[in-house]
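Structure data (mmCIF, C-alpha atoms and all ligand atoms) from input22.cif:
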data_run
#
loop_
_atom_site.group_PDB
_atom_site.id
_atom_site.type_symbol
_atom_site.label_atom_id
_atom_site.label_comp_id
_atom_site.auth_asym_id
_atom_site.auth_seq_id
_atom_site.Cartn_x
_atom_site.Cartn_y
_atom_site.Cartn_z
ATOM 1 C CA MET C 1 -21.095 12.927 -99.005
ATOM 2 C CA SER C 2 -22.480 14.509 -95.801
ATOM 3 C CA ASP C 3 -24.438 17.768 -95.950
ATOM 4 C CA ARG C 4 -22.522 18.994 -92.896
ATOM 5 C CA ALA C 5 -19.828 21.633 -92.884
ATOM 6 C CA SER C 6 -16.315 20.304 -93.284
ATOM 7 C CA PHE C 7 -13.409 22.339 -92.014
ATOM 8 C CA ASP C 8 -10.951 21.648 -94.810
ATOM 9 C CA GLU C 9 -8.085 23.858 -95.975
ATOM 10 C CA ALA C 10 -10.303 26.235 -98.016
ATOM 11 C CA SER C 11 -12.867 26.617 -95.280
ATOM 12 C CA ALA C 12 -10.145 27.161 -92.665
ATOM 13 C CA GLN C 13 -8.668 29.989 -94.795
ATOM 14 C CA ARG C 14 -12.134 31.526 -95.212
ATOM 15 C CA LEU C 15 -12.882 31.402 -91.480
ATOM 16 C CA ASP C 16 -9.471 32.876 -90.736
ATOM 17 C CA ARG C 17 -10.482 35.982 -92.740
ATOM 18 C CA GLN C 18 -14.090 36.001 -91.506
ATOM 19 C CA TYR C 19 -13.058 35.980 -87.845
ATOM 20 C CA ALA C 20 -11.306 39.347 -88.299
ATOM 21 C CA ALA C 21 -14.726 40.982 -89.050
ATOM 22 C CA PRO C 22 -15.565 43.762 -86.546
ATOM 23 C CA ALA C 23 -18.715 41.903 -85.412
ATOM 24 C CA LEU C 24 -16.650 38.856 -84.461
ATOM 25 C CA VAL C 25 -13.961 40.942 -82.780
ATOM 26 C CA ALA C 26 -16.770 42.352 -80.619
ATOM 27 C CA GLN C 27 -18.045 38.821 -79.943
ATOM 28 C CA ARG C 28 -14.588 37.793 -78.689
ATOM 29 C CA ARG C 29 -14.558 40.753 -76.292
ATOM 30 C CA ARG C 30 -17.849 39.481 -74.859
ATOM 31 C CA ALA C 31 -16.520 35.921 -74.602
ATOM 32 C CA LEU C 32 -13.374 37.065 -72.796
ATOM 33 C CA ASP C 33 -15.341 39.294 -70.417
ATOM 34 C CA ALA C 34 -17.598 36.341 -69.555
ATOM 35 C CA MET C 35 -14.590 34.056 -68.987
ATOM 36 C CA ALA C 36 -12.984 36.506 -66.509
ATOM 37 C CA LEU C 37 -9.633 34.703 -66.779
ATOM 38 C CA HIS C 38 -6.831 35.205 -64.253
ATOM 39 C CA ALA C 39 -3.095 34.745 -64.581
ATOM 40 C CA GLY C 40 -1.989 31.200 -63.797
ATOM 41 C CA GLN C 41 -5.305 29.508 -64.628
ATOM 42 C CA THR C 42 -5.730 26.426 -66.812
ATOM 43 C CA ALA C 43 -8.163 27.177 -69.635
ATOM 44 C CA LEU C 44 -9.684 25.090 -72.398
ATOM 45 C CA ASP C 45 -10.787 26.338 -75.849
ATOM 46 C CA ILE C 46 -13.107 23.740 -77.396
ATOM 47 C CA GLY C 47 -13.301 24.022 -81.205
ATOM 48 C CA CYS C 48 -10.572 26.674 -81.247
ATOM 49 C CA GLY C 49 -10.836 27.248 -85.027
ATOM 50 C CA PRO C 50 -8.339 29.829 -86.301
ATOM 51 C CA GLY C 51 -7.151 30.555 -82.763
ATOM 52 C CA TYR C 52 -8.054 34.228 -82.341
ATOM 53 C CA LEU C 53 -9.748 33.543 -79.003
ATOM 54 C CA THR C 54 -7.050 31.057 -77.971
ATOM 55 C CA LEU C 55 -4.415 33.767 -78.419
ATOM 56 C CA GLU C 56 -6.197 36.222 -76.140
ATOM 57 C CA MET C 57 -6.959 33.519 -73.573
ATOM 58 C CA ALA C 58 -3.233 32.676 -73.483
ATOM 59 C CA GLN C 59 -2.293 36.328 -73.006
ATOM 60 C CA GLN C 60 -4.698 36.534 -70.060
ATOM 61 C CA VAL C 61 -3.551 33.374 -68.249
ATOM 62 C CA GLY C 62 0.068 34.364 -68.917
ATOM 63 C CA THR C 63 3.179 32.245 -68.892
ATOM 64 C CA GLN C 64 2.284 30.712 -65.517
ATOM 65 C CA GLY C 65 -1.036 29.514 -66.925
ATOM 66 C CA ARG C 66 -1.990 27.026 -69.605
ATOM 67 C CA VAL C 67 -4.467 26.883 -72.508
ATOM 68 C CA ILE C 68 -5.486 23.625 -74.131
ATOM 69 C CA ALA C 69 -6.895 24.323 -77.602
ATOM 70 C CA VAL C 70 -8.875 21.495 -79.160
ATOM 71 C CA ASP C 71 -10.199 21.104 -82.697
ATOM 72 C CA THR C 72 -11.073 18.259 -85.069
ATOM 73 C CA SER C 73 -9.659 20.052 -88.124
ATOM 74 C CA GLU C 74 -5.931 19.855 -88.868
ATOM 75 C CA PRO C 75 -6.008 22.879 -91.232
ATOM 76 C CA MET C 76 -7.677 24.927 -88.458
ATOM 77 C CA LEU C 77 -5.087 23.807 -85.921
ATOM 78 C CA ASP C 78 -2.284 24.752 -88.355
ATOM 79 C CA ILE C 79 -3.700 28.281 -88.694
ATOM 80 C CA ALA C 80 -4.243 28.584 -84.939
ATOM 81 C CA HIS C 81 -0.735 27.354 -84.264
ATOM 82 C CA ALA C 82 0.765 29.942 -86.637
ATOM 83 C CA ARG C 83 -1.349 32.713 -85.054
ATOM 84 C CA CYS C 84 -0.198 31.775 -81.543
ATOM 85 C CA LYS C 85 3.472 31.276 -82.404
ATOM 86 C CA GLY C 86 5.772 31.833 -79.451
ATOM 87 C CA LEU C 87 3.122 31.327 -76.758
ATOM 88 C CA ALA C 88 4.492 28.259 -75.008
ATOM 89 C CA GLN C 89 1.546 28.127 -72.576
ATOM 90 C CA ILE C 90 -0.749 26.845 -75.376
ATOM 91 C CA GLU C 91 -1.071 23.159 -76.158
ATOM 92 C CA PHE C 92 -2.898 22.365 -79.420
ATOM 93 C CA ARG C 93 -4.668 19.013 -79.621
ATOM 94 C CA LEU C 94 -6.447 17.295 -82.516
ATOM 95 C CA ALA C 95 -9.450 16.001 -80.582
ATOM 96 C CA GLU C 96 -13.241 15.816 -80.408
ATOM 97 C CA ALA C 97 -15.434 17.917 -78.141
ATOM 98 C CA ALA C 98 -16.996 14.567 -77.224
ATOM 99 C CA ALA C 99 -13.642 13.135 -76.008
ATOM 100 C CA LEU C 100 -11.598 15.987 -74.564
ATOM 101 C CA PRO C 101 -7.893 15.263 -73.960
ATOM 102 C CA CYS C 102 -8.086 16.457 -70.339
ATOM 103 C CA PRO C 103 -8.246 14.621 -67.012
ATOM 104 C CA ASP C 104 -11.375 14.848 -64.852
ATOM 105 C CA GLU C 105 -11.722 18.144 -62.936
ATOM 106 C CA SER C 106 -8.580 19.727 -64.411
ATOM 107 C CA ILE C 107 -9.896 22.950 -66.030
ATOM 108 C CA ASP C 108 -10.555 26.338 -64.390
ATOM 109 C CA VAL C 109 -12.320 28.028 -67.316
ATOM 110 C CA ALA C 110 -13.599 26.502 -70.559
ATOM 111 C CA ALA C 111 -14.891 28.166 -73.720
ATOM 112 C CA ALA C 112 -16.998 26.539 -76.422
ATOM 113 C CA VAL C 113 -17.765 29.217 -78.987
ATOM 114 C CA GLN C 114 -19.672 28.410 -82.167
ATOM 115 C CA VAL C 115 -18.844 24.720 -81.961
ATOM 116 C CA TYR C 116 -21.745 22.848 -80.383
ATOM 117 C CA LEU C 117 -23.965 23.588 -83.386
ATOM 118 C CA PHE C 118 -21.700 21.140 -85.234
ATOM 119 C CA ALA C 119 -21.906 18.440 -82.520
ATOM 120 C CA ALA C 120 -23.844 15.292 -83.375
ATOM 121 C CA ASP C 121 -25.019 14.776 -79.769
ATOM 122 C CA LEU C 122 -25.314 17.892 -77.589
ATOM 123 C CA ASP C 123 -25.748 15.995 -74.305
ATOM 124 C CA VAL C 124 -22.550 14.020 -74.923
ATOM 125 C CA VAL C 125 -20.380 17.106 -75.544
ATOM 126 C CA VAL C 126 -21.861 19.036 -72.622
ATOM 127 C CA HIS C 127 -21.365 16.099 -70.222
ATOM 128 C CA GLU C 128 -17.772 15.927 -71.449
ATOM 129 C CA LEU C 129 -17.372 19.648 -70.729
ATOM 130 C CA ALA C 130 -18.739 19.108 -67.205
ATOM 131 C CA ARG C 131 -16.369 16.165 -66.637
ATOM 132 C CA VAL C 132 -13.222 18.245 -67.183
ATOM 133 C CA LEU C 133 -14.266 21.301 -65.123
ATOM 134 C CA ARG C 134 -12.950 21.636 -61.572
ATOM 135 C CA PRO C 135 -15.613 22.145 -58.901
ATOM 136 C CA GLY C 136 -16.278 25.908 -58.897
ATOM 137 C CA ALA C 137 -14.936 26.285 -62.472
ATOM 138 C CA ARG C 138 -16.846 28.135 -65.173
ATOM 139 C CA ALA C 139 -17.769 27.460 -68.759
ATOM 140 C CA VAL C 140 -18.714 30.027 -71.373
ATOM 141 C CA VAL C 141 -20.776 28.596 -74.202
ATOM 142 C CA ILE C 142 -21.724 30.835 -77.118
ATOM 143 C CA ASP C 143 -23.788 29.580 -80.010
ATOM 144 C CA THR C 144 -26.151 30.689 -82.736
ATOM 145 C CA ASP C 145 -29.808 30.029 -83.264
ATOM 146 C CA TRP C 146 -30.322 30.371 -87.018
ATOM 147 C CA ASP C 147 -34.065 30.973 -86.501
ATOM 148 C CA SER C 148 -32.995 34.407 -85.245
ATOM 149 C CA VAL C 149 -31.651 35.487 -88.641
ATOM 150 C CA VAL C 150 -33.178 38.533 -90.322
ATOM 151 C CA TRP C 151 -31.596 38.877 -93.761
ATOM 152 C CA HIS C 152 -33.368 41.380 -95.972
ATOM 153 C CA SER C 153 -34.040 40.230 -99.517
ATOM 154 C CA SER C 154 -36.321 41.513 -102.278
ATOM 155 C CA ASP C 155 -37.639 37.957 -102.637
ATOM 156 C CA ARG C 156 -38.507 36.676 -99.179
ATOM 157 C CA ASP C 157 -39.631 33.218 -100.351
ATOM 158 C CA ARG C 158 -36.301 32.660 -102.080
ATOM 159 C CA MET C 159 -34.461 33.833 -98.961
ATOM 160 C CA GLU C 160 -36.370 31.313 -96.833
ATOM 161 C CA ARG C 161 -35.737 28.492 -99.335
ATOM 162 C CA LEU C 162 -32.010 29.136 -99.301
ATOM 163 C CA LEU C 163 -31.862 29.406 -95.504
ATOM 164 C CA ALA C 164 -33.709 26.101 -95.110
ATOM 165 C CA VAL C 165 -30.981 24.392 -97.158
ATOM 166 C CA TRP C 166 -28.191 26.301 -95.366
ATOM 167 C CA MET C 167 -29.360 25.042 -91.965
ATOM 168 C CA ARG C 168 -28.562 21.471 -93.048
ATOM 169 C CA ARG C 169 -24.903 22.476 -92.860
ATOM 170 C CA TYR C 170 -25.158 22.248 -89.074
ATOM 171 C CA ALA C 171 -25.861 19.226 -86.905
ATOM 172 C CA ASN C 172 -28.214 21.573 -85.025
ATOM 173 C CA ALA C 173 -28.707 25.065 -86.462
ATOM 174 C CA ARG C 174 -30.987 25.943 -83.519
ATOM 175 C CA VAL C 175 -28.687 24.683 -80.778
ATOM 176 C CA ALA C 176 -28.709 27.813 -78.595
ATOM 177 C CA ARG C 177 -32.225 27.254 -77.257
ATOM 178 C CA LEU C 178 -31.212 23.741 -76.136
ATOM 179 C CA LEU C 179 -28.165 24.831 -74.155
ATOM 180 C CA PRO C 180 -29.813 25.741 -70.808
ATOM 181 C CA GLY C 181 -31.402 22.282 -70.656
ATOM 182 C CA ALA C 182 -28.250 20.440 -71.728
ATOM 183 C CA LEU C 183 -26.027 22.356 -69.267
ATOM 184 C CA GLY C 184 -28.462 21.607 -66.448
ATOM 185 C CA ARG C 185 -28.667 17.879 -67.304
ATOM 186 C CA ALA C 186 -24.849 17.760 -67.152
ATOM 187 C CA GLY C 187 -24.950 19.089 -63.573
ATOM 188 C CA LEU C 188 -23.840 22.650 -64.409
ATOM 189 C CA LYS C 189 -25.600 25.715 -63.053
ATOM 190 C CA VAL C 190 -26.345 28.466 -65.566
ATOM 191 C CA THR C 191 -25.417 31.725 -63.831
ATOM 192 C CA HIS C 192 -25.849 34.148 -66.722
ATOM 193 C CA ALA C 193 -27.515 34.215 -70.135
ATOM 194 C CA ASP C 194 -27.255 36.969 -72.684
ATOM 195 C CA VAL C 195 -27.378 37.713 -76.393
ATOM 196 C CA ILE C 196 -24.853 39.016 -78.881
ATOM 197 C CA ALA C 197 -26.521 40.436 -81.975
ATOM 198 C CA VAL C 198 -24.455 40.529 -85.136
ATOM 199 C CA VAL C 199 -25.971 43.449 -87.062
ATOM 200 C CA GLU C 200 -24.494 44.512 -90.387
ATOM 201 C CA LEU C 201 -25.594 47.137 -92.903
ATOM 202 C CA ASP C 202 -23.258 46.188 -95.715
ATOM 203 C CA PRO C 203 -22.120 42.853 -97.160
ATOM 204 C CA GLY C 204 -18.479 43.841 -97.786
ATOM 205 C CA ASP C 205 -15.621 41.330 -97.784
ATOM 206 C CA ASN C 206 -14.638 42.284 -94.236
ATOM 207 C CA THR C 207 -18.116 41.581 -92.815
ATOM 208 C CA TYR C 208 -19.471 38.365 -91.314
ATOM 209 C CA SER C 209 -22.571 38.297 -93.529
ATOM 210 C CA GLY C 210 -20.612 39.146 -96.697
ATOM 211 C CA SER C 211 -18.369 36.152 -96.076
ATOM 212 C CA GLN C 212 -21.335 33.916 -95.159
ATOM 213 C CA ALA C 213 -23.272 35.026 -98.283
ATOM 214 C CA ALA C 214 -20.512 33.700 -100.542
ATOM 215 C CA GLU C 215 -20.381 30.430 -98.572
ATOM 216 C CA LEU C 216 -24.179 30.086 -98.488
ATOM 217 C CA ALA C 217 -24.422 30.526 -102.275
ATOM 218 C CA ARG C 218 -21.697 27.906 -102.792
ATOM 219 C CA TYR C 219 -23.216 25.479 -100.271
ATOM 220 C CA VAL C 220 -26.843 25.563 -101.464
ATOM 221 C CA VAL C 221 -25.763 24.803 -105.041
ATOM 222 C CA ALA C 222 -23.296 22.066 -104.031
ATOM 223 C CA LYS C 223 -25.501 20.349 -101.438
ATOM 224 C CA GLY C 224 -29.066 21.567 -101.793
ATOM 225 C CA GLY C 225 -29.964 21.194 -105.447
ATOM 226 C CA ILE C 226 -30.436 24.954 -105.809
ATOM 227 C CA LEU C 227 -29.673 26.148 -109.342
ATOM 228 C CA PRO C 228 -26.623 28.419 -109.682
ATOM 229 C CA ALA C 229 -28.858 31.037 -111.361
ATOM 230 C CA GLU C 230 -31.062 31.224 -108.246
ATOM 231 C CA ALA C 231 -28.111 31.505 -105.864
ATOM 232 C CA ASN C 232 -26.499 34.169 -108.063
ATOM 233 C CA ALA C 233 -29.747 36.132 -108.302
ATOM 234 C CA TRP C 234 -29.943 36.121 -104.492
ATOM 235 C CA LYS C 235 -26.352 37.364 -104.143
ATOM 236 C CA ASP C 236 -26.886 40.044 -106.835
ATOM 237 C CA ASP C 237 -29.983 41.226 -104.988
ATOM 238 C CA LEU C 238 -27.942 41.687 -101.790
ATOM 239 C CA LEU C 239 -25.494 43.863 -103.708
ATOM 240 C CA SER C 240 -28.335 45.908 -105.265
ATOM 241 C CA LEU C 241 -29.862 46.443 -101.834
ATOM 242 C CA ALA C 242 -26.453 47.514 -100.509
ATOM 243 C CA ALA C 243 -25.968 49.961 -103.411
ATOM 244 C CA ARG C 244 -29.288 51.580 -102.449
ATOM 245 C CA GLY C 245 -28.388 51.671 -98.733
ATOM 246 C CA GLU C 246 -31.065 49.050 -97.965
ATOM 247 C CA TYR C 247 -28.912 46.084 -96.879
ATOM 248 C CA PHE C 248 -29.779 44.568 -93.487
ATOM 249 C CA PHE C 249 -28.452 41.438 -91.735
ATOM 250 C CA SER C 250 -28.950 40.405 -88.139
ATOM 251 C CA LEU C 251 -28.226 37.124 -86.342
ATOM 252 C CA ASN C 252 -28.229 36.319 -82.653
ATOM 253 C CA ARG C 253 -25.591 34.414 -80.754
ATOM 254 C CA TYR C 254 -26.491 33.454 -77.184
ATOM 255 C CA VAL C 255 -24.025 33.501 -74.313
ATOM 256 C CA PHE C 256 -24.367 31.096 -71.391
ATOM 257 C CA VAL C 257 -22.087 31.201 -68.382
ATOM 258 C CA ALA C 258 -22.323 28.041 -66.290
ATOM 259 C CA SER C 259 -20.463 26.848 -63.236
ATOM 260 C CA LYS C 260 -19.764 23.460 -61.761
ATOM 261 C CA PRO C 261 -21.046 23.230 -58.185
ATOM 262 C CA ARG C 262 -18.367 22.833 -55.495
HETATM 263 C C1 LIG C 301 -17.178 28.192 -86.485
HETATM 264 S S1 LIG C 301 -15.620 27.616 -85.937
HETATM 265 C C2 LIG C 301 -15.481 28.414 -84.354
HETATM 266 C C3 LIG C 301 -14.060 28.737 -83.987
HETATM 267 C C4 LIG C 301 -13.820 29.393 -82.633
HETATM 268 N N1 LIG C 301 -14.418 28.688 -81.520
HETATM 269 C C5 LIG C 301 -14.270 30.815 -82.611
HETATM 270 O O1 LIG C 301 -15.429 31.094 -82.359
HETATM 271 O O2 LIG C 301 -13.432 31.677 -82.909
HETATM 272 C C6 LIG C 301 -16.005 25.949 -85.453
HETATM 273 C C7 LIG C 301 -14.761 25.119 -85.147
HETATM 274 O O3 LIG C 301 -15.185 23.957 -84.416
HETATM 275 C C8 LIG C 301 -14.487 22.836 -84.918
HETATM 276 N N2 LIG C 301 -15.312 21.654 -84.629
HETATM 277 C C9 LIG C 301 -16.461 21.280 -85.228
HETATM 278 N N3 LIG C 301 -16.953 20.175 -84.650
HETATM 279 C C10 LIG C 301 -16.092 19.855 -83.638
HETATM 280 C C11 LIG C 301 -16.077 18.820 -82.664
HETATM 281 N N4 LIG C 301 -17.021 17.890 -82.618
HETATM 282 N N5 LIG C 301 -15.045 18.794 -81.783
HETATM 283 C C12 LIG C 301 -14.072 19.744 -81.821
HETATM 284 N N6 LIG C 301 -14.038 20.738 -82.731
HETATM 285 C C13 LIG C 301 -15.037 20.796 -83.627
HETATM 286 C C14 LIG C 301 -14.288 23.125 -86.390
HETATM 287 O O4 LIG C 301 -13.218 22.378 -86.940
HETATM 288 C C15 LIG C 301 -14.029 24.625 -86.378
HETATM 289 O O5 LIG C 301 -12.664 24.915 -86.256
#
Let me see the structure of the file written as structure tokens.
Amino acid sequence: MSDRASFDEASAQRLDRQYAAPALVAQRRRALDAMALHAGQTALDIGCGPGYLTLEMAQQVGTQGRVIAVDTSEPMLDIAHARCKGLAQIEFRLAEAAALPCPDESIDVAAAVQVYLFAADLDVVVHELARVLRPGARAVVIDTDWDSVVWHSSDRDRMERLLAVWMRRYANARVARLLPGALGRAGLKVTHADVIAVVELDPGDNTYSGSQAAELARYVVAKGGILPAEANAWKDDLLSLAARGEYFFSLNRYVFVASKPR
């Protein structure tokens, strides 16, 4: 079985809850600001996941516009579909970022948020993004670089061991630093680059890091040969730190706005 993340029913349900975390609500605000959508535009959401962003994109392009929401996971598309019920301007498609179901030069604004770190070949998916953009159109690509994580633990060596296994979950856990080069090779011009820091001081159920901690502990035991006792000790330590007011998590997502030359 592959070490990579699979977006099955359980993981889709988990992400659906995780994406309501305040840090990710703030991230969506940043994504939408960068997209600067207008009524009547045709937009594309690549790797739409549970559809939170798709919903807001559809509200911004309105009934005269159109949003094509693409994902490779049927359970994710089911959740997104339910979330966006009644918005006839959205078309959900089961498709790959590497083979988008869109004609050449048909999209005004595209978003790819937290999806390219799962892509087997970054140049292929970014060339595909460039293919579907109209001349003058913009793309907003947001992705993580897991080297930017600062996750306080009483046992730093153990923390680093677990993170090294966790990074195998992604095709490229350090994809963000590669995006300027890949966008440029695809003929897109990067017009803005920025960072979104997810900073959390408690690991509660409604936080991004609390949800990821549970998934990390499950993943490293299932796929990384880490003993359950070690994973549990790590999780217990996070809770002890939180009880003492010493919990700290920070992870950077990087925002790239790129345009296709006219
Ligand atoms: C972490 S979620 C991000 C969801 C959404 N973009 C957001 O930020 O709210 C990643 C999503 O990308 C999808 N995905 C992963 N690899 C993909 C690929 N090669 N093509 C299309 N979708 C993909 C997954 O099924 C999952 O729904």
Quiz prompt | Å distance separating atom C6 of ligand LIG 301 (chain C) from atom CA of C:Glu128, one decimal place | solution =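 Atom C6 of ligand LIG 301 (chain C) sits 17.3 Å away from atom CA of C:Glu128.
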Exercise. Throw together the list of residues within 7 Å of ligand LIG 301 (chain C), counting all atoms listed in the file, and drop it here as a PyMOL selection string.
Key: chain C and resi 7+19+46-53+70-73+76+95-98+112-116+118-119
Quiz item: Which polymer residues have any atom within 7 Å of an atom of stretch 203-217 of chain C, counting all atoms listed in the file, with same-chain residues fewer than 4 positions away left out, as a count of residues only?
Solution: 7
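Nearest-residue note for C:Val190: choosing from C:Ala88, C:Leu238, C:Val140, C:Ala164, the minimum distance belongs to C:Val140, counting all atoms listed in the file.
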Exercise. Just give me the gap between atom CA of C:Leu162 and atom CA of C:Tyr247 in Å, one decimal is fine.
Key: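 About the pair atom CA of C:Leu162 and atom CA of C:Tyr247: they are 17.4 Å apart.
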Quiz item: Rounded to one decimal in Å, what is the spacing between atom CA of C:Ile68 and atom CA of C:Leu44?
Solution: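 Computing the Euclidean distance for atom CA of C:Ile68 and atom CA of C:Leu44 yields 4.8 Å.
Candidate residues C:Leu55, C:Leu201, C:Met35, C:Leu129 were compared for distance to C:Gly245, and the nearest is C:Leu201, using only C-alpha atoms.
You can rank C:Asp3, C:Asp33, C:Asp45, C:Asp16 by their closest distance to C:Pro101 using all atoms listed in the file, and at the top of that list sits C:Asp45.
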Take stretch 65-89 of chain C, bring it up to N, CA and C atoms, and give me the output as a PDB file, in the coordinates of the input.
ATOM      1  N   GLY C  65       0.199  30.253 -66.662  1.00  0.00           N
ATOM      2  CA  GLY C  65      -1.036  29.514 -66.925  1.00  0.00           C
ATOM      3  C   GLY C  65      -0.878  28.566 -68.100  1.00  0.00           C
ATOM      4  N   ARG C  66      -2.023  28.034 -68.552  1.00  0.00           N
ATOM      5  CA  ARG C  66      -1.990  27.026 -69.605  1.00  0.00           C
ATOM      6  C   ARG C  66      -3.303  27.111 -70.373  1.00  0.00           C
ATOM      7  N   VAL C  67      -3.244  26.971 -71.704  1.00  0.00           N
ATOM      8  CA  VAL C  67      -4.467  26.883 -72.508  1.00  0.00           C
ATOM      9  C   VAL C  67      -4.380  25.619 -73.353  1.00  0.00           C
ATOM     10  N   ILE C  68      -5.399  24.805 -73.269  1.00  0.00           N
ATOM     11  CA  ILE C  68      -5.486  23.625 -74.131  1.00  0.00           C
ATOM     12  C   ILE C  68      -6.499  23.966 -75.224  1.00  0.00           C
ATOM     13  N   ALA C  69      -6.043  23.932 -76.463  1.00  0.00           N
ATOM     14  CA  ALA C  69      -6.895  24.323 -77.602  1.00  0.00           C
ATOM     15  C   ALA C  69      -7.161  23.078 -78.433  1.00  0.00           C
ATOM     16  N   VAL C  70      -8.458  22.764 -78.562  1.00  0.00           N
ATOM     17  CA  VAL C  70      -8.875  21.495 -79.160  1.00  0.00           C
ATOM     18  C   VAL C  70      -9.667  21.758 -80.433  1.00  0.00           C
ATOM     19  N   ASP C  71      -9.391  21.006 -81.477  1.00  0.00           N
ATOM     20  CA  ASP C  71     -10.199  21.104 -82.697  1.00  0.00           C
ATOM     21  C   ASP C  71     -10.072  19.784 -83.453  1.00  0.00           C
ATOM     22  N   THR C  72     -11.098  19.493 -84.273  1.00  0.00           N
ATOM     23  CA  THR C  72     -11.073  18.259 -85.069  1.00  0.00           C
ATOM     24  C   THR C  72     -10.465  18.490 -86.461  1.00  0.00           C
ATOM     25  N   SER C  73     -10.146  19.743 -86.779  1.00  0.00           N
ATOM     26  CA  SER C  73      -9.659  20.052 -88.124  1.00  0.00           C
ATOM     27  C   SER C  73      -8.168  20.369 -88.086  1.00  0.00           C
ATOM     28  N   GLU C  74      -7.376  19.583 -88.831  1.00  0.00           N
ATOM     29  CA  GLU C  74      -5.931  19.855 -88.868  1.00  0.00           C
ATOM     30  C   GLU C  74      -5.625  21.196 -89.513  1.00  0.00           C
ATOM     31  N   PRO C  75      -6.297  21.561 -90.655  1.00  0.00           N
ATOM     32  CA  PRO C  75      -6.008  22.879 -91.232  1.00  0.00           C
ATOM     33  C   PRO C  75      -6.296  24.023 -90.253  1.00  0.00           C
ATOM     34  N   MET C  76      -7.365  23.886 -89.456  1.00  0.00           N
ATOM     35  CA  MET C  76      -7.677  24.927 -88.458  1.00  0.00           C
ATOM     36  C   MET C  76      -6.557  24.994 -87.417  1.00  0.00           C
ATOM     37  N   LEU C  77      -6.135  23.828 -86.948  1.00  0.00           N
ATOM     38  CA  LEU C  77      -5.087  23.807 -85.921  1.00  0.00           C
ATOM     39  C   LEU C  77      -3.787  24.409 -86.466  1.00  0.00           C
ATOM     40  N   ASP C  78      -3.507  24.171 -87.761  1.00  0.00           N
ATOM     41  CA  ASP C  78      -2.284  24.752 -88.355  1.00  0.00           C
ATOM     42  C   ASP C  78      -2.356  26.278 -88.323  1.00  0.00           C
ATOM     43  N   ILE C  79      -3.537  26.816 -88.685  1.00  0.00           N
ATOM     44  CA  ILE C  79      -3.700  28.281 -88.694  1.00  0.00           C
ATOM     45  C   ILE C  79      -3.597  28.821 -87.267  1.00  0.00           C
ATOM     46  N   ALA C  80      -4.258  28.128 -86.342  1.00  0.00           N
ATOM     47  CA  ALA C  80      -4.243  28.584 -84.939  1.00  0.00           C
ATOM     48  C   ALA C  80      -2.820  28.555 -84.388  1.00  0.00           C
ATOM     49  N   HIS C  81      -2.112  27.517 -84.737  1.00  0.00           N
ATOM     50  CA  HIS C  81      -0.735  27.354 -84.264  1.00  0.00           C
ATOM     51  C   HIS C  81       0.128  28.505 -84.758  1.00  0.00           C
ATOM     52  N   ALA C  82      -0.027  28.838 -86.062  1.00  0.00           N
ATOM     53  CA  ALA C  82       0.765  29.942 -86.637  1.00  0.00           C
ATOM     54  C   ALA C  82       0.390  31.260 -85.954  1.00  0.00           C
ATOM     55  N   ARG C  83      -0.905  31.459 -85.693  1.00  0.00           N
ATOM     56  CA  ARG C  83      -1.349  32.713 -85.054  1.00  0.00           C
ATOM     57  C   ARG C  83      -0.748  32.852 -83.647  1.00  0.00           C
ATOM     58  N   CYS C  84      -0.599  31.739 -82.962  1.00  0.00           N
ATOM     59  CA  CYS C  84      -0.198  31.775 -81.543  1.00  0.00           C
ATOM     60  C   CYS C  84       1.296  31.468 -81.357  1.00  0.00           C
ATOM     61  N   LYS C  85       2.038  31.601 -82.435  1.00  0.00           N
ATOM     62  CA  LYS C  85       3.472  31.276 -82.404  1.00  0.00           C
ATOM     63  C   LYS C  85       4.163  31.967 -81.221  1.00  0.00           C
ATOM     64  N   GLY C  86       4.985  31.220 -80.527  1.00  0.00           N
ATOM     65  CA  GLY C  86       5.772  31.833 -79.451  1.00  0.00           C
ATOM     66  C   GLY C  86       5.085  31.804 -78.095  1.00  0.00           C
ATOM     67  N   LEU C  87       3.811  31.389 -78.061  1.00  0.00           N
ATOM     68  CA  LEU C  87       3.122  31.327 -76.758  1.00  0.00           C
ATOM     69  C   LEU C  87       3.180  29.885 -76.237  1.00  0.00           C
ATOM     70  N   ALA C  88       4.219  29.636 -75.437  1.00  0.00           N
ATOM     71  CA  ALA C  88       4.492  28.259 -75.008  1.00  0.00           C
ATOM     72  C   ALA C  88       3.433  27.725 -74.049  1.00  0.00           C
ATOM     73  N   GLN C  89       2.582  28.610 -73.511  1.00  0.00           N
ATOM     74  CA  GLN C  89       1.546  28.127 -72.576  1.00  0.00           C
ATOM     75  C   GLN C  89       0.362  27.467 -73.296  1.00  0.00           C
TER      76      GLN C  89
END
